[in-house]
Amino acid sequence: MLLNLKIQNVAIIDKLEVEFKEGFNVLTGETGAGKSIVIDSVLLLVGARANKDIIRSGEERALVEGVFLVDSNKDKIAELLEEAGVSQEEDDTLIISREITKSGRSYSRVNGKIVPLSFLDKIGALLVDILGQHEHQFLLDPSQHLFILDNFGDEEFKALKKRFKQLLEEYRSVVKEKTSLFKDEREKEQMIDLLRYQIQEIESANLSEEEEQQLIERRNILMNYEKLFNAVNSSYKILYEGNGGFSVLDNLHKVVKNLETAFSIDGKLKGLKEKLENILYETEDAALQLRDYLGAIDFNQKALEEIEERLNHINFLKRKYGPTISHILSFKEEKEKELNKILHFEERQKELEEKEAKLWEEINKMGSKIHEKRKTLASHIEEEINKVLKELNMPNASFKVDITKEESPNENGFDRVEFLISTNIGEPLKPLSKIASGGELSRIMLALKTILASSDGIPTLIFDEVDTGISGKTAQLVAEKMAYLSRRHQLICVTHLPQIACMADAHYFISKISKGDRTYIKLTELDYEGRIKELARIMGGEKITSTILEHAKELLEMASKFKNSL
């Protein structure tokens with residue numbers, strides 16, 4: 001659940017901090033006071049897009065930080081954190097922050113580590129579910145109904161969908177390969193000729209991955225033969241023959257002979273004598289190796305020309321078939337496979353047709369299983385939603401999940417899903433967009449959330465002014481349903497209805513204050529007396545009479561009794 005929220009320089013908020021409680025948290029205040037900015041700030045923490053326009057006028061950056069307690073979906077969250085390399089806190093808290101700068105850059109952090117925005121979206125889906133006015137549009141879009149329905153599925157259902165998707169991808173791959181096989185004999189023969197030519201051209205070059213480097217090294221030696229010969233020959237003469245005087249070896253022989261004499265006088269020189277003897281032997285060996293090297297190297301103009309010709313041919317093949325010899329050889333392997341497929345065209349075609357038929361049969365079977373599962377899910381949801389709608393003062397409503405099986409599948413199966421409703425007796429079932437009013441949509445969405453919340457494990461539900469279009473008895477029933485939900489989830493709700501506000505376990509009042517030429521937002525957690533005054537303000541506006549105050553007090557007492565009965 002969301003324990004703490006800090007907001008800095010977002011819209012008209014300069015600095016604001018709020019500690020949310022377990023249960024039902026309510027935000028109230030005058031229109032335009034900044035209540036929805038608080039909800040929008042939470043949205044930023046769970047992956048919503050943002051731009052520099054949200055930064056408070058005159059400031060360089062906006063910052064939102066939230067502290068979440070991971071009290072459900074622990075394994076899924078731990079897996080996501082491990083994948084992203086984010087360390088976990090011992091107290092099961094997550095600190096998520098979002099910074100938006102004047103340059104338009106956005107920085108997202110989880111427990112201090114910078115993460116991509118897409119990661120906030122993934123982890124946010126396990127922490128918070130937000131129900132606002134935008135959700136109404138989501139509910140009116142039939143293309144989203146299948147996903148809403150599937151959210152109610154268990155792990156077995158999800159495994160079926162995953163397997164169906166794999167089968168469909170495999171089937172499409174087979175169909176693609178099958179359609180790519182040649183139907184025209186002339187085209188087929190032309191491709192065979194081309195592939196054989198390419199393979200033969202590479203094979204005849206007799207390439208090896210080490211050859212090019214060896215040729216370059218050999219070419220370098222031949223091109224610098226004179227310089228190389230002079231350097232090695234000079235070194236050999238200095239070591240073995242001397243250069244107008246004694247050679248290095250002659251001088252070393254003298255040094256060793258002198259040390260033999262010295263060693264016979266002072267035995268302490270034994271180690272030094274032996275070391276210099278070893279140097280003498282190694283120098284003699286090095287001189288002999290230089291002599292052998294000189295005898296082996298030979299400048300050959302023809303050899304250099306052959307190397308240049310070979311390297312030119314390799315470069316020619318690289319321009320045609322790949323940037324390296326390794327790529328050229330891989331290209332040849334691929335073309336050999338292609339040629340083999342074409343040469344065994346009839347066999348492959350038959351094989352693909354058999355595979356296609358088998359996969360299509362499996363897809364149909366799996367699609368039927370998913371269809372039946374969806375029908376079972378739909379039946380359960382219809383029953384539960386109709387039950388909740390009656391509790392929300394829609395006694396004559398009939399909610400129906402219409403599932404139509406189509407001929408062509410997509411990755412979700414063969415089904416097309418659309419939610420239908422009849423709100424009055426005798427009226428036919430019609431799409432939500434044709435019948436439902438704003439208030440009815442709020443109740444339908446609340447019913448969906450009520451059912452879904454019991455299975456998805458999301459700890460925090462946020463309701464942003466979902467009381468649109470309801471009042472009176474309906475408002476009371478909605479309030480009671482939300483109070484019931486708050487016993488299993490943390491609820492954060494922006495509302496204008498006293499019936500909902502009185503159910504709060506924690507009530508926060510947001511107001512605007514002007515100082516000089518700037519506007520500031522103030523958030524206050526209300527005590528009992530403060531709640532009575534705020535409820536009276538919601539009910540009576542500017543004129544607050546003693547009667548309204550008594551009515552507000554009575555609302556709080558009734559709400560307390562109802563919550564105690566849950």
# chains A, B, ... in the order shown; residues from 1 in each chain; ligands from 1
$ residues_around --residues "Arg291 in chain A" --least-positions-apart "5" --cutoff "9 Å" --atoms "only C-alpha atoms" --output "NGL selection string"
:A and (232-233 or 236 or 286 or 296)
$ select_by_dssp --residues "range 222-333 of chain A" --states "alpha helix (DSSP H)" --output "VMD selection string"
chain A and resid 222 to 223 225 to 236 248 to 265 270 to 296 301 to 321 325 to 333
$ closest_residue --among "A:Ile130, A:Val42, A:Leu146, A:Ile325" --to "Asp402 in chain A" --atoms "only C-alpha atoms"
A:Leu146
$ select_by_dssp --residues "range 85-251 of chain A" --states "strand (DSSP E)" --output "MDAnalysis selection string"
chainID A and resid 93:101 106:110 113:115 128:131
$ residues_around --residues "Asn364 in chain A" --least-positions-apart "5" --cutoff "9 Å" --atoms "only C-alpha atoms" --output "ChimeraX atom specification"
/A:359,369,413-414
$ residues_around --residues "Leu149 in chain A" --least-positions-apart "2" --cutoff "9 Å" --atoms "only C-alpha atoms" --output "PyMOL selection string"
chain A and resi 144-147+151-153+374+377-378+381+401+417
$ closest_residue --among "A:Leu272, A:Ile342, A:Leu566, A:Ile13" --to "Lys512 in chain A" --atoms "only C-alpha atoms"
A:Ile13
$ residues_around --residues "range 1-4 of chain A" --least-positions-apart "5" --cutoff "6 Å" --atoms "only C-alpha atoms" --output "list of chain:residue names"
A:Val18, A:Glu19, A:Phe20, A:Gly66, A:Val67, A:Phe68, A:Leu69, A:Pro459, A:Thr460
$ residues_around --residues "Leu207 in chain A" --least-positions-apart "4" --cutoff "9 Å" --atoms "only C-alpha atoms" --output "PyMOL selection string"
chain A and resi 202-203+211-212+314+325+328-329
$ closest_residue --among "A:Val70, A:Ala125, A:Leu44, A:Leu448" --to "Asp91 in chain A" --atoms "only C-alpha atoms"
A:Val70
$ atom_distance --atom1 "CA of Glu169 in chain A" --atom2 "CA of Glu372 in chain A"
22.0 Å
$ decode --residues "range 8-39 of chain A" --atoms "N, CA and C atoms" --output "PDB file, in the first residue's frame"
ATOM      1  N   GLN A   8       6.524  17.892  -5.200  1.00  0.00           N
ATOM      2  CA  GLN A   8       7.239  19.172  -5.213  1.00  0.00           C
ATOM      3  C   GLN A   8       7.191  19.775  -6.616  1.00  0.00           C
ATOM      4  N   ASN A   9       6.678  20.993  -6.683  1.00  0.00           N
ATOM      5  CA  ASN A   9       6.650  21.776  -7.936  1.00  0.00           C
ATOM      6  C   ASN A   9       5.863  21.100  -9.062  1.00  0.00           C
ATOM      7  N   VAL A  10       4.759  20.470  -8.719  1.00  0.00           N
ATOM      8  CA  VAL A  10       3.875  19.874  -9.731  1.00  0.00           C
ATOM      9  C   VAL A  10       2.638  20.762  -9.864  1.00  0.00           C
ATOM     10  N   ALA A  11       2.421  21.323 -11.064  1.00  0.00           N
ATOM     11  CA  ALA A  11       1.288  22.219 -11.340  1.00  0.00           C
ATOM     12  C   ALA A  11       1.300  23.373 -10.330  1.00  0.00           C
ATOM     13  N   ILE A  12       0.234  23.532  -9.540  1.00  0.00           N
ATOM     14  CA  ILE A  12       0.201  24.640  -8.578  1.00  0.00           C
ATOM     15  C   ILE A  12       0.679  24.211  -7.191  1.00  0.00           C
ATOM     16  N   ILE A  13       1.131  22.967  -7.049  1.00  0.00           N
ATOM     17  CA  ILE A  13       1.646  22.486  -5.755  1.00  0.00           C
ATOM     18  C   ILE A  13       3.132  22.821  -5.655  1.00  0.00           C
ATOM     19  N   ASP A  14       3.503  23.556  -4.584  1.00  0.00           N
ATOM     20  CA  ASP A  14       4.929  23.814  -4.384  1.00  0.00           C
ATOM     21  C   ASP A  14       5.561  22.668  -3.595  1.00  0.00           C
ATOM     22  N   LYS A  15       5.031  22.421  -2.400  1.00  0.00           N
ATOM     23  CA  LYS A  15       5.477  21.281  -1.598  1.00  0.00           C
ATOM     24  C   LYS A  15       4.282  20.697  -0.873  1.00  0.00           C
ATOM     25  N   LEU A  16       4.162  19.390  -0.935  1.00  0.00           N
ATOM     26  CA  LEU A  16       3.040  18.740  -0.255  1.00  0.00           C
ATOM     27  C   LEU A  16       3.480  17.338   0.139  1.00  0.00           C
ATOM     28  N   GLU A  17       3.155  16.962   1.349  1.00  0.00           N
ATOM     29  CA  GLU A  17       3.458  15.608   1.813  1.00  0.00           C
ATOM     30  C   GLU A  17       2.253  15.056   2.556  1.00  0.00           C
ATOM     31  N   VAL A  18       1.934  13.801   2.277  1.00  0.00           N
ATOM     32  CA  VAL A  18       0.790  13.184   2.943  1.00  0.00           C
ATOM     33  C   VAL A  18       1.139  11.739   3.292  1.00  0.00           C
ATOM     34  N   GLU A  19       0.771  11.350   4.506  1.00  0.00           N
ATOM     35  CA  GLU A  19       0.918   9.957   4.944  1.00  0.00           C
ATOM     36  C   GLU A  19      -0.455   9.307   4.903  1.00  0.00           C
ATOM     37  N   PHE A  20      -0.625   8.378   3.962  1.00  0.00           N
ATOM     38  CA  PHE A  20      -1.904   7.692   3.836  1.00  0.00           C
ATOM     39  C   PHE A  20      -1.999   6.554   4.845  1.00  0.00           C
ATOM     40  N   LYS A  21      -3.231   6.249   5.197  1.00  0.00           N
ATOM     41  CA  LYS A  21      -3.485   5.214   6.206  1.00  0.00           C
ATOM     42  C   LYS A  21      -4.023   3.948   5.541  1.00  0.00           C
ATOM     43  N   GLU A  22      -4.091   2.895   6.340  1.00  0.00           N
ATOM     44  CA  GLU A  22      -4.791   1.700   5.879  1.00  0.00           C
ATOM     45  C   GLU A  22      -6.278   2.022   5.754  1.00  0.00           C
ATOM     46  N   GLY A  23      -6.989   1.243   4.960  1.00  0.00           N
ATOM     47  CA  GLY A  23      -8.429   1.447   4.859  1.00  0.00           C
ATOM     48  C   GLY A  23      -8.796   2.533   3.868  1.00  0.00           C
ATOM     49  N   PHE A  24      -9.760   3.379   4.255  1.00  0.00           N
ATOM     50  CA  PHE A  24     -10.415   4.321   3.341  1.00  0.00           C
ATOM     51  C   PHE A  24      -9.864   5.731   3.561  1.00  0.00           C
ATOM     52  N   ASN A  25      -9.103   6.246   2.590  1.00  0.00           N
ATOM     53  CA  ASN A  25      -8.570   7.615   2.630  1.00  0.00           C
ATOM     54  C   ASN A  25      -9.368   8.481   1.650  1.00  0.00           C
ATOM     55  N   VAL A  26      -9.842   9.629   2.124  1.00  0.00           N
ATOM     56  CA  VAL A  26     -10.664  10.500   1.278  1.00  0.00           C
ATOM     57  C   VAL A  26     -10.016  11.873   1.162  1.00  0.00           C
ATOM     58  N   LEU A  27     -10.040  12.411  -0.080  1.00  0.00           N
ATOM     59  CA  LEU A  27      -9.562  13.771  -0.334  1.00  0.00           C
ATOM     60  C   LEU A  27     -10.748  14.620  -0.775  1.00  0.00           C
ATOM     61  N   THR A  28     -10.970  15.740  -0.082  1.00  0.00           N
ATOM     62  CA  THR A  28     -12.036  16.663  -0.477  1.00  0.00           C
ATOM     63  C   THR A  28     -11.482  18.085  -0.530  1.00  0.00           C
ATOM     64  N   GLY A  29     -12.257  18.977  -1.113  1.00  0.00           N
ATOM     65  CA  GLY A  29     -11.854  20.385  -1.216  1.00  0.00           C
ATOM     66  C   GLY A  29     -12.635  21.047  -2.328  1.00  0.00           C
ATOM     67  N   GLU A  30     -12.493  22.357  -2.409  1.00  0.00           N
ATOM     68  CA  GLU A  30     -13.184  23.102  -3.456  1.00  0.00           C
ATOM     69  C   GLU A  30     -12.715  22.654  -4.837  1.00  0.00           C
ATOM     70  N   THR A  31     -13.567  22.852  -5.830  1.00  0.00           N
ATOM     71  CA  THR A  31     -13.192  22.555  -7.211  1.00  0.00           C
ATOM     72  C   THR A  31     -11.965  23.383  -7.600  1.00  0.00           C
ATOM     73  N   GLY A  32     -10.950  22.714  -8.176  1.00  0.00           N
ATOM     74  CA  GLY A  32      -9.726  23.405  -8.585  1.00  0.00           C
ATOM     75  C   GLY A  32      -8.709  23.565  -7.482  1.00  0.00           C
ATOM     76  N   ALA A  33      -8.969  22.953  -6.319  1.00  0.00           N
ATOM     77  CA  ALA A  33      -8.036  23.109  -5.193  1.00  0.00           C
ATOM     78  C   ALA A  33      -6.779  22.263  -5.372  1.00  0.00           C
ATOM     79  N   GLY A  34      -6.818  21.272  -6.248  1.00  0.00           N
ATOM     80  CA  GLY A  34      -5.618  20.473  -6.480  1.00  0.00           C
ATOM     81  C   GLY A  34      -5.749  19.010  -6.114  1.00  0.00           C
ATOM     82  N   LYS A  35      -6.981  18.551  -5.873  1.00  0.00           N
ATOM     83  CA  LYS A  35      -7.177  17.147  -5.463  1.00  0.00           C
ATOM     84  C   LYS A  35      -6.702  16.176  -6.543  1.00  0.00           C
ATOM     85  N   SER A  36      -7.104  16.450  -7.779  1.00  0.00           N
ATOM     86  CA  SER A  36      -6.732  15.543  -8.868  1.00  0.00           C
ATOM     87  C   SER A  36      -5.249  15.593  -9.182  1.00  0.00           C
ATOM     88  N   ILE A  37      -4.579  16.697  -8.799  1.00  0.00           N
ATOM     89  CA  ILE A  37      -3.125  16.770  -9.007  1.00  0.00           C
ATOM     90  C   ILE A  37      -2.436  15.717  -8.149  1.00  0.00           C
ATOM     91  N   VAL A  38      -2.979  15.473  -6.966  1.00  0.00           N
ATOM     92  CA  VAL A  38      -2.433  14.441  -6.081  1.00  0.00           C
ATOM     93  C   VAL A  38      -2.535  13.079  -6.763  1.00  0.00           C
ATOM     94  N   ILE A  39      -3.697  12.799  -7.354  1.00  0.00           N
ATOM     95  CA  ILE A  39      -3.895  11.512  -8.039  1.00  0.00           C
ATOM     96  C   ILE A  39      -2.989  11.437  -9.266  1.00  0.00           C
TER      97      ILE A  39
END
